[in-house]
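Visitor: My structure file query21.pdb, PDB, C-alpha atoms, is below:
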ATOM      1  CA  MET A  30      -5.799 -15.140 -70.072
ATOM      2  CA  PRO A  31      -8.392 -12.876 -68.381
ATOM      3  CA  THR A  32      -8.063 -11.447 -64.893
ATOM      4  CA  GLN A  33      -8.714 -13.996 -62.157
ATOM      5  CA  TYR A  34      -9.833 -13.345 -58.595
ATOM      6  CA  TRP A  35      -8.863 -15.192 -55.413
ATOM      7  CA  VAL A  36     -10.124 -15.106 -51.834
ATOM      8  CA  ILE A  37      -7.154 -15.402 -49.478
ATOM      9  CA  GLY A  38      -6.690 -15.214 -45.727
ATOM     10  CA  GLY A  39      -7.151 -17.275 -42.608
ATOM     11  CA  GLU A  40      -6.274 -17.034 -38.930
ATOM     12  CA  TYR A  41      -3.570 -14.513 -38.024
ATOM     13  CA  ALA A  42      -1.211 -14.582 -35.035
ATOM     14  CA  ASP A  43      -2.352 -11.212 -33.636
ATOM     15  CA  GLN A  44      -4.388  -8.078 -34.356
ATOM     16  CA  ARG A  45      -1.685  -6.602 -36.607
ATOM     17  CA  PHE A  46      -2.639  -9.237 -39.248
ATOM     18  CA  ASN A  47       0.943  -9.540 -40.534
ATOM     19  CA  GLN A  48       1.545 -13.271 -40.062
ATOM     20  CA  LEU A  49      -0.776 -16.210 -40.550
ATOM     21  CA  VAL A  50      -0.839 -19.000 -37.977
ATOM     22  CA  ALA A  51       1.079 -21.967 -39.433
ATOM     23  CA  GLY A  52      -1.303 -24.130 -41.451
ATOM     24  CA  ALA A  53      -4.224 -21.715 -41.037
ATOM     25  CA  GLY A  54      -3.979 -19.926 -44.395
ATOM     26  CA  ARG A  55      -6.423 -20.529 -47.223
ATOM     27  CA  ALA A  56      -6.560 -19.563 -50.886
ATOM     28  CA  LEU A  57      -9.885 -20.096 -52.639
ATOM     29  CA  GLY A  58     -10.284 -19.739 -56.375
ATOM     30  CA  PRO A  59      -9.602 -18.790 -59.032
ATOM     31  CA  PHE A  60     -12.879 -17.079 -59.857
ATOM     32  CA  ALA A  61     -13.708 -15.601 -63.249
ATOM     33  CA  SER A  62     -15.508 -12.534 -61.869
ATOM     34  CA  TYR A  63     -15.221 -10.236 -58.885
ATOM     35  CA  GLU A  64     -18.873 -10.915 -58.048
ATOM     36  CA  GLU A  65     -18.231 -14.659 -57.790
ATOM     37  CA  ALA A  66     -15.216 -14.073 -55.535
ATOM     38  CA  GLU A  67     -17.227 -11.627 -53.436
ATOM     39  CA  GLY A  68     -19.873 -14.285 -52.805
ATOM     40  CA  VAL A  69     -17.227 -16.700 -51.505
ATOM     41  CA  TRP A  70     -15.630 -13.879 -49.474
ATOM     42  CA  ARG A  71     -19.001 -13.156 -47.849
ATOM     43  CA  ASP A  72     -19.435 -16.849 -46.994
ATOM     44  CA  GLN A  73     -15.943 -17.080 -45.470
ATOM     45  CA  THR A  74     -16.205 -13.858 -43.463
ATOM     46  CA  GLY A  75     -19.692 -14.748 -42.266
ATOM     47  CA  ALA A  76     -18.601 -18.192 -41.105
ATOM     48  CA  SER A  77     -15.641 -16.726 -39.186
ATOM     49  CA  ARG A  78     -17.323 -13.576 -37.853
ATOM     50  CA  HIS A  79     -16.793 -14.642 -34.224
ATOM     51  CA  GLU A  80     -13.073 -15.323 -34.741
ATOM     52  CA  ALA A  81     -11.337 -12.005 -34.032
ATOM     53  CA  PHE A  82      -8.029 -12.901 -35.706
ATOM     54  CA  THR A  83      -9.471 -14.380 -38.905
ATOM     55  CA  ARG A  84      -9.593 -12.219 -42.025
ATOM     56  CA  PHE A  85     -10.099 -12.709 -45.742
ATOM     57  CA  THR A  86      -9.606 -10.444 -48.726
ATOM     58  CA  ILE A  87     -10.135 -10.547 -52.496
ATOM     59  CA  VAL A  88      -7.092 -10.204 -54.742
ATOM     60  CA  SER A  89      -6.836 -10.116 -58.514
ATOM     61  CA  CYS A  90      -4.272 -11.793 -60.697
ATOM     62  CA  ALA A  91      -3.677 -10.181 -64.057
ATOM     63  CA  PRO A  92      -1.926 -11.919 -66.953
ATOM     64  CA  ASN A  93       1.856 -11.589 -67.136
ATOM     65  CA  PRO A  94       2.741  -9.959 -70.498
ATOM     66  CA  ARG A  95       6.253 -11.463 -70.466
ATOM     67  CA  ARG A  96       4.882 -14.978 -70.065
ATOM     68  CA  GLU A  97       2.434 -14.410 -72.942
ATOM     69  CA  LYS A  98       5.280 -13.318 -75.246
ATOM     70  CA  ARG A  99       7.304 -16.484 -74.479
ATOM     71  CA  ALA A 100       4.308 -18.743 -75.119
ATOM     72  CA  ALA A 101       3.720 -17.260 -78.562
TER      73      ALA A 101
END
Represent the structure of the file as structure tokens.
Guide:
Amino acid sequence: MPTQYWVIGGEYADQRFNQLVAGAGRALGPFASYEEAEGVWRDQTGASRHEAFTRFTIVSCAPNPRREKRAA
């Protein structure tokens, strides 16, 4: 399984960005390339640019070698 990319985030409780507001989190993806995820990230951040406590980031998910060994 190749590396996958996700866009995650949402509205946070305060400017420390440690805790999401209940029900305000979003996970978008998976995306096959960083460029595809970046396009969605740009759309999400652009749409929420006036919301001071809303943030999104791109994360990658690599294959788990232990899971691949069990499947074989």
Visitor: Pick out the closest residue to Thr86 of chain A from this set: A:Val36, A:Ala61, A:Val50, A:Ala56. Count all atoms listed in the file.
Guide: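 With all atoms listed in the file as the atom set, the closest residue is A:Val36.
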Visitor: Find the distance between atom CA of Gly52 of chain A and atom CA of Phe82 of chain A and write it in Å to one decimal.
Guide: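 About the pair atom CA of Gly52 of chain A and atom CA of Phe82 of chain A: they are 14.3 Å apart.
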Visitor: To one decimal place, how far is atom CA of Ala42 of chain A from atom CA of Arg55 of chain A in Å?
Guide: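 Going from atom CA of Ala42 of chain A over to atom CA of Arg55 of chain A, I get 14.5 Å.
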Visitor: Hey, which of A:Arg96, A:Tyr34, A:Cys90, A:Thr83 ends up closest to Phe46 of chain A? Count only C-alpha atoms.
Guide: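 Among the listed residues, A:Thr83 lies closest to Phe46 of chain A.
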Visitor: I'd like the interatomic distance between atom CA of Ala76 of chain A and atom CA of Gln33 of chain A, to a tenth of an Å.
Guide: 23.6 Å
Visitor: Of the candidates A:Arg45, A:Gly39, A:Arg95, A:Ile87, which shows the shortest atom-to-atom distance to Trp70 of chain A, using all atoms listed in the file?
Guide: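 Of the candidates, the smallest distance to Trp70 of chain A is held by A:Ile87.
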Visitor: I need the residue nearest Tyr41 of chain A from this list: A:Pro92, A:Gly68, A:Gly54, A:Gly75. Use all atoms listed in the file for the distance.
Guide: A:Gly54
Visitor: Tell me which of A:Glu64, A:Glu80, A:Asp72, A:Gly58 sits closest to Gln44 of chain A, counting only C-alpha atoms.
Guide: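 Answer, going by the shortest atom-to-atom distance: A:Glu80.
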Visitor: Written as an NGL selection string, what is the full residue list that the PyMOL selection byres ((chain A and resi 62) around 10) yields on the file shown?
Guide: :A and (31-35 or 59-61 or 63-67 or 89)
